[in-house]
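Structure record follows, encoded as structure tokens.
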Amino acid sequence: MNRPPLRRRVPLPRFAAQVALRRLAPKDLAAFQAYRRDPELGRYQGWTPMPDAEAQVFLAQMHTAGALRPGVWFQLGIADAQSMELIGDIGLLLSADGSSAEIGYTLARSAQGRGLATLAVREAVALVFECSVASQVLATSDARNRASIRLLERIGMQRVEECTALFRGEPCVEITYAIARPLG
């Protein structure tokens with residue numbers, strides 16, 4: 001299989017004002033499980049809570065995984081820039097041909113309402129454009145997830161598609177947003 005090369009190595013940690021994007025690590029288990037077990041946070045997410053042993057394996061895998069490999073999700077941590085304590089995570093999936101990337105994100109409720117998710121997602125999008133050949137980044141949100149939609153619009157993403165779907169046995173409307181690689 002012919003895979004597109006990375007434009008450059010993925011530099012982590014990466015800082016954006018009050019947040020840092022960094023590799024997840026086994027030491028993040030308690031913080032990771034605390035927000036991933038919050039049913040309100042998980043309502044619109046593609047993930048479901050997992051047992052501690054499974055979460056520990058996942059964190060260890062993400063700690064050493066290659067970043068932005070075509071066709072493979074890569075999860076990175078959102079951390080407080082001062083303490084480096086985990087407050088959320090961002091998933092990135094580079095398409096098989098490397099032409100686009102998907103992004104998903106979760107931020108602990110205790111860290112919400114201060115613009116931290118906006119900073120982190122904006123920085124993750126910049127990371128994709130700096131370290132891959134992707135021409136656009138896509139995000140999909142349930143139409144009922146107004147906070148997520150506001151975040152996507154705040155960072156300059158444009159609505160490109162709306163469709164009805166069945167998510168966890170419940171009908172919903174999914175809205176896809178995109179942002180193109182900056183010119184220049």
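Each chain in the structure tokens gets a letter, A, B, ..., in the order shown, and its residues are numbered from 1; ligands are numbered from 1 in order too.
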
Please provide as a PDB file with C-alpha atoms, in the first residue's frame all residues within 12 Å of Gln33 in chain A, with the sequence filter that same-chain residues fewer than 3 positions apart are discarded (counting only C-alpha atoms).
ATOM      1  CA  PRO A  26      -0.628   5.306  31.675  1.00  0.00           C
ATOM      2  CA  LYS A  27      -0.406   7.784  34.588  1.00  0.00           C
ATOM      3  CA  ASP A  28      -3.511   9.514  33.149  1.00  0.00           C
ATOM      4  CA  LEU A  29      -5.803   6.626  34.076  1.00  0.00           C
ATOM      5  CA  ALA A  30      -7.715   8.307  36.934  1.00  0.00           C
ATOM      6  CA  ARG A  36     -14.841   9.217  30.117  1.00  0.00           C
ATOM      7  CA  ARG A  37     -17.304   7.747  32.656  1.00  0.00           C
ATOM      8  CA  ASP A  38     -19.384  10.959  32.737  1.00  0.00           C
ATOM      9  CA  PRO A  39     -22.613   9.980  30.936  1.00  0.00           C
ATOM     10  CA  LEU A  41     -19.941  13.877  28.198  1.00  0.00           C
ATOM     11  CA  GLY A  42     -20.362  10.543  26.466  1.00  0.00           C
ATOM     12  CA  THR A  48     -18.120   4.245  25.421  1.00  0.00           C
ATOM     13  CA  PRO A  49     -16.629   3.910  28.904  1.00  0.00           C
ATOM     14  CA  MET A  50     -14.210   1.022  29.312  1.00  0.00           C
ATOM     15  CA  PRO A  51     -12.952  -0.983  32.289  1.00  0.00           C
ATOM     16  CA  ASP A  52      -9.765   0.287  33.964  1.00  0.00           C
ATOM     17  CA  ALA A  53      -7.619  -2.545  32.568  1.00  0.00           C
ATOM     18  CA  GLU A  54      -8.736  -1.810  29.010  1.00  0.00           C
ATOM     19  CA  ALA A  55      -8.256   1.942  29.518  1.00  0.00           C
ATOM     20  CA  GLN A  56      -4.746   1.306  30.869  1.00  0.00           C
ATOM     21  CA  PHE A  58      -5.325   2.054  25.511  1.00  0.00           C
ATOM     22  CA  LEU A  59      -3.358   4.802  27.293  1.00  0.00           C
ATOM     23  CA  LEU A  86      -5.085  15.618  31.730  1.00  0.00           C
ATOM     24  CA  ILE A  87      -8.393  17.460  31.192  1.00  0.00           C
ATOM     25  CA  GLY A  88      -9.551  15.874  27.924  1.00  0.00           C
ATOM     26  CA  ASP A  89      -8.486  14.263  24.700  1.00  0.00           C
ATOM     27  CA  ALA A 108     -13.902  17.236  31.254  1.00  0.00           C
TER      28      ALA A 108
END

request  = Determine which residues of range 60-161 of chain A receive a DSSP assignment of strand (DSSP E or B), computed from the backbone, and state them as a ChimeraX atom specification.
outcome  = /A:73-80,86-94,100-107,136-142,158-161

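Note that CA of Glu130 in chain A and CA of Gly98 in chain A are 12.9 Å apart.
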
Report as a CSV table (one decimal) with N, CA and C atoms, in the first residue's frame all protein, DNA and RNA residues lying within 12 Å of Ala20 in chain A, evaluated on only C-alpha atoms, omitting residues in the same chain fewer than 4 positions from it.
chain,number,residue,atom,x,y,z
A,11,PRO,N,5.4,17.2,16.5
A,11,PRO,CA,6.1,17.6,17.8
A,11,PRO,C,5.1,17.7,18.9
A,12,LEU,N,5.3,16.9,20.0
A,12,LEU,CA,4.5,16.9,21.2
A,12,LEU,C,5.4,17.0,22.4
A,13,PRO,N,5.1,17.7,23.5
A,13,PRO,CA,3.9,18.4,23.7
A,13,PRO,C,3.9,19.7,22.8
A,14,ARG,N,2.7,20.3,22.7
A,14,ARG,CA,2.5,21.5,21.9
A,14,ARG,C,1.6,22.4,22.8
A,15,PHE,N,2.0,23.6,22.9
A,15,PHE,CA,1.3,24.5,23.9
A,15,PHE,C,0.5,25.6,23.1
A,16,ALA,N,-0.7,25.9,23.7
A,16,ALA,CA,-1.5,27.0,23.1
A,16,ALA,C,-2.2,27.7,24.3
A,24,LEU,N,-1.0,10.9,25.5
A,24,LEU,CA,-1.7,10.2,26.7
A,24,LEU,C,-0.6,9.3,27.3
A,76,LEU,N,-4.7,12.1,21.4
A,76,LEU,CA,-3.7,12.8,22.2
A,76,LEU,C,-4.5,13.5,23.4
A,77,GLY,N,-3.7,13.8,24.4
A,77,GLY,CA,-4.3,14.4,25.6
A,77,GLY,C,-4.4,15.9,25.5
A,78,ILE,N,-5.4,16.5,26.1
A,78,ILE,CA,-5.5,17.9,26.3
A,78,ILE,C,-5.1,18.1,27.8
A,79,ALA,N,-4.1,18.9,28.1
A,79,ALA,CA,-3.7,19.0,29.5
A,79,ALA,C,-3.6,20.5,29.8
A,80,ASP,N,-3.8,20.7,31.1
A,80,ASP,CA,-3.5,22.1,31.6
A,80,ASP,C,-2.1,22.4,31.4
A,81,ALA,N,-1.8,23.6,30.8
A,81,ALA,CA,-0.5,24.0,30.4
A,81,ALA,C,0.5,24.1,31.6
A,82,GLN,N,0.0,24.5,32.7
A,82,GLN,CA,0.8,24.7,33.9
A,82,GLN,C,1.2,23.3,34.6
A,83,SER,N,0.1,22.6,34.9
A,83,SER,CA,0.3,21.3,35.6
A,83,SER,C,0.6,20.1,34.8
A,84,MET,N,0.2,20.2,33.5
A,84,MET,CA,0.2,19.1,32.5
A,84,MET,C,-0.8,18.0,32.9
A,85,GLU,N,-1.7,18.3,33.8
A,85,GLU,CA,-2.7,17.3,34.2
A,85,GLU,C,-3.7,17.1,33.1
A,86,LEU,N,-4.1,15.9,32.8
A,86,LEU,CA,-5.1,15.6,31.7
A,86,LEU,C,-6.5,16.2,32.0
A,87,ILE,N,-7.0,16.9,31.0
A,87,ILE,CA,-8.4,17.5,31.2
A,87,ILE,C,-9.3,17.0,30.0
A,88,GLY,N,-8.7,16.3,29.1
A,88,GLY,CA,-9.6,15.9,27.9
A,88,GLY,C,-8.7,15.2,26.9
A,89,ASP,N,-9.3,14.9,25.8
A,89,ASP,CA,-8.5,14.3,24.7
A,89,ASP,C,-9.1,14.6,23.3
A,90,ILE,N,-8.2,14.5,22.3
A,90,ILE,CA,-8.6,14.7,20.9
A,90,ILE,C,-8.2,13.5,20.1
A,116,LEU,N,-11.0,26.5,26.7
A,116,LEU,CA,-9.9,25.6,26.6
A,116,LEU,C,-10.1,24.6,25.4
A,117,ALA,N,-11.3,24.1,25.2
A,117,ALA,CA,-11.5,23.2,24.1
A,117,ALA,C,-11.3,23.9,22.8
A,119,LEU,N,-9.2,26.4,22.2
A,119,LEU,CA,-7.7,26.5,22.0
A,119,LEU,C,-7.1,25.1,21.6
A,120,ALA,N,-7.6,24.1,22.2
A,120,ALA,CA,-7.0,22.7,21.9
A,120,ALA,C,-7.4,22.3,20.5
A,121,VAL,N,-8.6,22.4,20.1
A,121,VAL,CA,-9.0,21.9,18.8
A,121,VAL,C,-8.4,22.8,17.7
A,122,ARG,N,-8.3,24.1,17.9
A,122,ARG,CA,-7.6,25.0,16.9
A,122,ARG,C,-6.2,24.5,16.8
A,123,GLU,N,-5.5,24.2,17.9
A,123,GLU,CA,-4.1,23.8,17.9
A,123,GLU,C,-4.0,22.4,17.2
A,124,ALA,N,-4.9,21.5,17.4
A,124,ALA,CA,-4.9,20.2,16.8
A,124,ALA,C,-5.1,20.3,15.3
